[in-house]
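Shown next, in structure tokens, is the structure this report addresses.
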Amino acid sequence: MHRIISSFVSRPAALVHVFLFVAAIGVFAQADSPRPSSQTGARELVDEMGRSVRVPVSPTRIISLAPSITETIYALGLQDHLVGDTDFCDYPAAAQRKPKVGGIINPNLEEIAALRPDLVLVTKNINRLDTVRALDTLGIPTYSSSAPHTVSEIISSTQKLADVLGAPEAGKSLGQEMEGQLAALQTKLADVPPRRVLFIVWTEPLMSAGKNTFIADALRKAGGVSIVEASQDWPKMSLEEVVHLQPDYLVFAASHSESATRDFEALATRPGWRLLDAVRNRHFAVISDAVNRPGPRIVSAIEELARQLHPEVFQDSPSPERVSPPANAASFVSPHAAFSSLSPSYCSGSVESSCVH
Amino acid sequence: MSSLLRTPLPSSEQPRAAADVRLSVEQASYAYSSNPSQAPLFTLEALSFHAKPGEIVAILGPNACGKSTLLKLISGALEPLSGRIFLNGFVTHSLPPRTRAQRIALVQQESRLLFPSRVWEFVLQGRHPYGSGLRFETEDDVTIATNALTQVGANHLSDRWMDKISGGEKQRVILARALAQQPLLLLLDEPTLHLDIGAQVDLLHNLRRLAAENRYTVVVVTHELNLAGEYADQVVLLQKGKCLRVGPPATVFQRELLEQVFQAPLSVEMTASGRPRVTLFSNT
Amino acid sequence: MRPLTLGRLLFRCGILAVILFVVVVIALKMGAVQVSLYGLGRDLIRVLLGQSSAISTDYGMIVRDIRLPRILLGIVVGASLSVAGASFQALLRNPLADPYVLGVSSGAAVGAIAALIIESHLALSPELAGLITPLGAFIGAGLTIAAVYFLGRRDGQIDSSTLLLGGIITASFLSAIIMFLMNTLSGSNLRGTVFWLMGDLSTPQPRSLLFLLSFGFLAAAGAIYTTASDLNLLLAGEKEAMHLGVDVPRVRIVVYLAASILTGLAVSVGGTIGYVGLLVPHVMRLIFGADHRMLLPAAALGGAIAIVIADTLARTVVAPSELPVGAMTAMAGAPLFIYLLRRRIT
């Protein structure tokens, strides 16, 4: 027995590992690193995941790990406090020039730490819990918004975020503006029967958005109703089933309408798709991919869609007047801004409509 | 060679057989069946024989007569269904694997190596039963292994790769590994199968010399009549799992008996040295 | 005739350890944030002397709290996978065996995904939530180890070919379950799972887990090492090994359990990092020969070196983004495998 132990101890790999191990113990036994100090005092909050977070009263070095949060920050006029965002934060254009910390699910912790943030913002629906835990371990305050399931939740989440960031008035006015636009839209669509739509996330395989997503809610607010009954977030649909249900319209989300129109043409030639009335009648709608982000532009995207699904309701009304947003905010909520890369000669596909800007 | 480091037997059991008998097979039998509830597919009926130090025993018979099974029983790999097998008074099957490997060495026909190794590494494996747990080979181990190679005349092969030597050379190296185990009992399973005639004679000749010099007891399984007749001190004749006769070759090699076992016409003559020689005739 | 001696073993391992140390120092230096070698050395010494408060905060935090733990994690994971791979190659007498061939990693993946699903329905404190995924993975691995063990038995003992078959079938079955489960996941859970499946060391683990991992590695690898001489003989064949005094059933069980535990531990925290467990043993065999008394420590050190290099590349090549470390090992491993194949190493 002692021979085994002595041969064990003399084993060099064990020795090396023990050395490294002891070094590591020495490292870990040190006190926690001191946290970055904030400009003003801090308060204890409970975030939308139920976590208790210590947040500075007015954070001045914010990192956003979700594109929707980045857009919200710009809409609230707080972009000067944004010191870093993800590779995918591309709207508004100015956000692309902010320092990048990596991807959404794999942000680079070193980059984040090097920017010395006093608050990092994440959302439950696209960020990983592991990232939140890692930031906790490093002592960096992290606030998480929940995953919204309806457009109202998006609005309330935006207002809560504004409170956390120390700009409650901006939040309230933004929220009111969004709700106002929605209400106006509801009035217009009040007497119009909703169109049955299929929102297409991906064509091969055919994937759509589930009924509990905010996208489904956005479709409803736009005067459409999704034919998808699945409670999964991104269900894979069977083409047969879709043909059986014969939606009135197919809805695509794209950053450029020309490519979307080309994609639709390509799709229309594929076997099986021609069985859809919506394909034969060219009843398709293309809206900004802002609809995929639970952020301020969702309302414009909804209005975009409504104009294409129910053009008759909008024929004699131009884009409505806006309450002017905060001076340094990007003009966010107008439908023009939502689809800024759109070519003006875009048309919806249905025969009887006129072209709409 | 035999004076080097032979470890004493454990004294927990009292030896039972007569003083100069080393291997004692007493009414050992065995049966194979594919599952316990069915009738056995093959049975080795109870048989007995004894062997002394320095003796060569040949287990002789046609294919599928139970030769290999008997060898496995003797090696302790299988437990006999009835009866027992003693080595110097200790039941072979009950010995722990390490102790058994210090007493019994098995020479197989082939050795498939997953990753190639050198001849000296291979022979050194024979020293494995003499270490415990994690060990490195000692000077003595190296000496014993070198001597084993010398004894089979394969010293010049020491640095060669195992997969690059000929069949005959490989056979000698495998034998050297067995000798490095410093066994009391040396078992060989059809060692002449892949050898040409010259090599066959060489091998048996070596075995006889080694058995005499080092007092090994050698048990060889074979179906080569004349090799058994020429070199064995005792022959165990098997047919279809039954032992038909045990004894010196002169008594076992009776024409009618051999013809019945091997199903071929033959004749038996005695040579000047008192050994039988068998001549096979064609079936005309 | 020059058999392996303790001196030669220590010397060779010493060289490997020095290489590992150099690699670790370089890895500490590299990253999204620049660190000078002098500053690094000075701060490491400060840390060891207990004066870590003297280190400037953010820079110290980066090296001490992010990079160093990640490198240490990589060392343990790399060493575990390589030793497990070498052990399975000996146990199954198959040069193509790797730590995942018996399904342990698939079981760990199922466990981790199940833990993710369960976690979203429970309200756990962050510390507990952090441990749930590795715990789930380890439980999944353990159950798979037990299942494959019972599948792999014949006449009451482990039989190598039956074990291999049982393991492969179990792995396929579990992979199908993983695909099914992934279908029910959504959003960040799904993407996180995909990332994990590719092999990822970027998540800092709680200290307790790191201690447990290191201890588990030492215990399991140590157990396998005590059978190193036996494994040398097992390579020739189980019957031959038995006749040379190896207690084959005991060796099989010890090696199977210990190597599976090593795999389970590594996969629980790092996901399925590929190629390391398969190739590092072969490369070490090329250099040092097939004697397991040398091969096992060499594989451990070699695996540590390989993973630290791969992980460092993974987090610097496309900075500020990161690649999963499994992608790096695959990119380097596949050409290396082809090269070894052409050298007829198997």
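Residues in the structure tokens are numbered from 1 in each chain, the chains being A, B, ... in the order shown, and ligands are numbered from 1 in the order shown.
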**OP:** For Gln205 in chain C, please output as a ChimeraX atom specification all residues within 8 Å (counting only C-alpha atoms; exclusion window: fewer than 4 positions along the same chain).
**Re:** /A:134 /C:130,209-210,269
Original post:
So which residues touch Tyr231 in chain B within 9 Å, counting only C-alpha atoms, skipping near sequence neighbours fewer than 6 positions away, as a ChimeraX atom specification?
Top reply: /B:56-58,204-205,207-208,275
Convert the current residue selection to file output with N, CA and C atoms, as a PDB file, in the first residue's frame.
ATOM      1  N   ILE B  56       8.049 -34.035 -20.299  1.00  0.00           N
ATOM      2  CA  ILE B  56       7.222 -33.428 -21.344  1.00  0.00           C
ATOM      3  C   ILE B  56       6.011 -34.317 -21.539  1.00  0.00           C
ATOM      4  N   VAL B  57       4.840 -33.713 -21.402  1.00  0.00           N
ATOM      5  CA  VAL B  57       3.588 -34.435 -21.631  1.00  0.00           C
ATOM      6  C   VAL B  57       2.971 -33.906 -22.914  1.00  0.00           C
ATOM      7  N   ALA B  58       2.560 -34.827 -23.800  1.00  0.00           N
ATOM      8  CA  ALA B  58       1.878 -34.386 -25.022  1.00  0.00           C
ATOM      9  C   ALA B  58       0.407 -34.716 -24.901  1.00  0.00           C
ATOM     10  N   LEU B 204      10.923 -28.410 -30.449  1.00  0.00           N
ATOM     11  CA  LEU B 204      10.770 -29.526 -29.522  1.00  0.00           C
ATOM     12  C   LEU B 204      12.098 -29.886 -28.868  1.00  0.00           C
ATOM     13  N   HIS B 205      13.120 -29.799 -29.669  1.00  0.00           N
ATOM     14  CA  HIS B 205      14.468 -30.056 -29.151  1.00  0.00           C
ATOM     15  C   HIS B 205      14.802 -29.100 -28.009  1.00  0.00           C
ATOM     16  N   LEU B 207      12.674 -27.474 -26.187  1.00  0.00           N
ATOM     17  CA  LEU B 207      11.820 -27.740 -25.040  1.00  0.00           C
ATOM     18  C   LEU B 207      12.399 -28.880 -24.201  1.00  0.00           C
ATOM     19  N   ARG B 208      12.877 -29.893 -24.888  1.00  0.00           N
ATOM     20  CA  ARG B 208      13.426 -31.009 -24.114  1.00  0.00           C
ATOM     21  C   ARG B 208      14.635 -30.578 -23.322  1.00  0.00           C
ATOM     22  N   ARG B 275      11.619 -45.265 -29.334  1.00  0.00           N
ATOM     23  CA  ARG B 275      10.502 -44.357 -29.593  1.00  0.00           C
ATOM     24  C   ARG B 275       9.683 -44.892 -30.762  1.00  0.00           C
TER      25      ARG B 275
END
Subject >> Shortest interatomic distance to chain A - which of C:Met284, C:Val194, C:Leu233, C:Leu135, counting only C-alpha atoms >> reply: C:Val194
Can you check which parts of chain C lie within 9 Å of chain B? Per residue, the shortest pair of atoms and distance in Å to one decimal, counting only C-alpha atoms, sorted by chain and number, as CSV.
residue,atom,partner,partner_atom,distance
C:Met1,CA,B:Trp120,CA,6.0
C:Arg2,CA,B:Trp120,CA,8.4
C:Pro3,CA,B:Glu137,CA,6.7
C:Leu4,CA,B:Phe136,CA,6.7
C:Thr5,CA,B:Phe136,CA,6.0
C:Leu6,CA,B:Phe136,CA,7.0
C:Ala90,CA,B:Leu114,CA,8.8
C:Arg93,CA,B:Leu114,CA,6.8
C:Asn94,CA,B:Leu114,CA,7.8
C:Pro95,CA,B:Leu114,CA,7.9
C:Tyr225,CA,B:Leu134,CA,7.5
C:Thr226,CA,B:Leu134,CA,5.3
C:Thr227,CA,B:Gly133,CA,6.7
C:Ala228,CA,B:Leu134,CA,6.8
C:Ser229,CA,B:Leu134,CA,6.5
C:Asp230,CA,B:His128,CA,8.2
C:Asn232,CA,B:Gln125,CA,8.4
C:Leu233,CA,B:Gln125,CA,7.0
C:Leu235,CA,B:Leu114,CA,5.7
C:Ala236,CA,B:Leu113,CA,4.8
C:Gly237,CA,B:Arg112,CA,7.0
C:Lys239,CA,B:Ala77,CA,8.7
C:Glu240,CA,B:Leu106,CA,8.1
C:Met242,CA,B:Pro97,CA,6.8
C:His243,CA,B:Ala101,CA,5.8
C:Leu244,CA,B:Ala101,CA,5.2
C:Gly245,CA,B:Arg98,CA,4.0
C:Val246,CA,B:Pro97,CA,6.4
C:Asp247,CA,B:Pro97,CA,6.1
C:Gly289,CA,B:Ser117,CA,8.3
C:Ala290,CA,B:Phe115,CA,6.8
C:Arg293,CA,B:Leu134,CA,8.1
C:Ile345,CA,B:Phe115,CA,8.3
C:Thr346,CA,B:Phe115,CA,7.2
Subject >> From A:Ala306, A:Ala167, A:Leu82, A:Val101, residue lying nearest chain C [only C-alpha atoms] >> reply: A:Val101
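In terms of minimum interatomic distance to Leu179 in chain B, B:Val123 ranks closest within B:Val201, B:Val91, B:Val123, B:Leu193, counting only C-alpha atoms.
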Subject >> Long-range neighbours of range 266-279 of chain A as a PyMOL selection string, 6 Å cut-off, only C-alpha atoms, 6 positions minimum in chain >> reply: chain A and resi 243+248-249
Atoms to include: N, CA and C atoms. Write the selected residues as a compact mmCIF listing (two decimals), in the first residue's frame.
# COMPACT_ATOMS: atom_id res chain seq x y z
N VAL A 243 -50.99 24.92 -46.12
CA VAL A 243 -51.85 24.89 -47.31
C VAL A 243 -53.29 24.63 -46.91
N ASP A 248 -54.41 34.37 -45.55
CA ASP A 248 -54.66 35.40 -46.56
C ASP A 248 -53.37 36.05 -47.02
N TYR A 249 -52.45 36.24 -46.07
CA TYR A 249 -51.22 36.95 -46.37
C TYR A 249 -50.03 36.22 -45.78
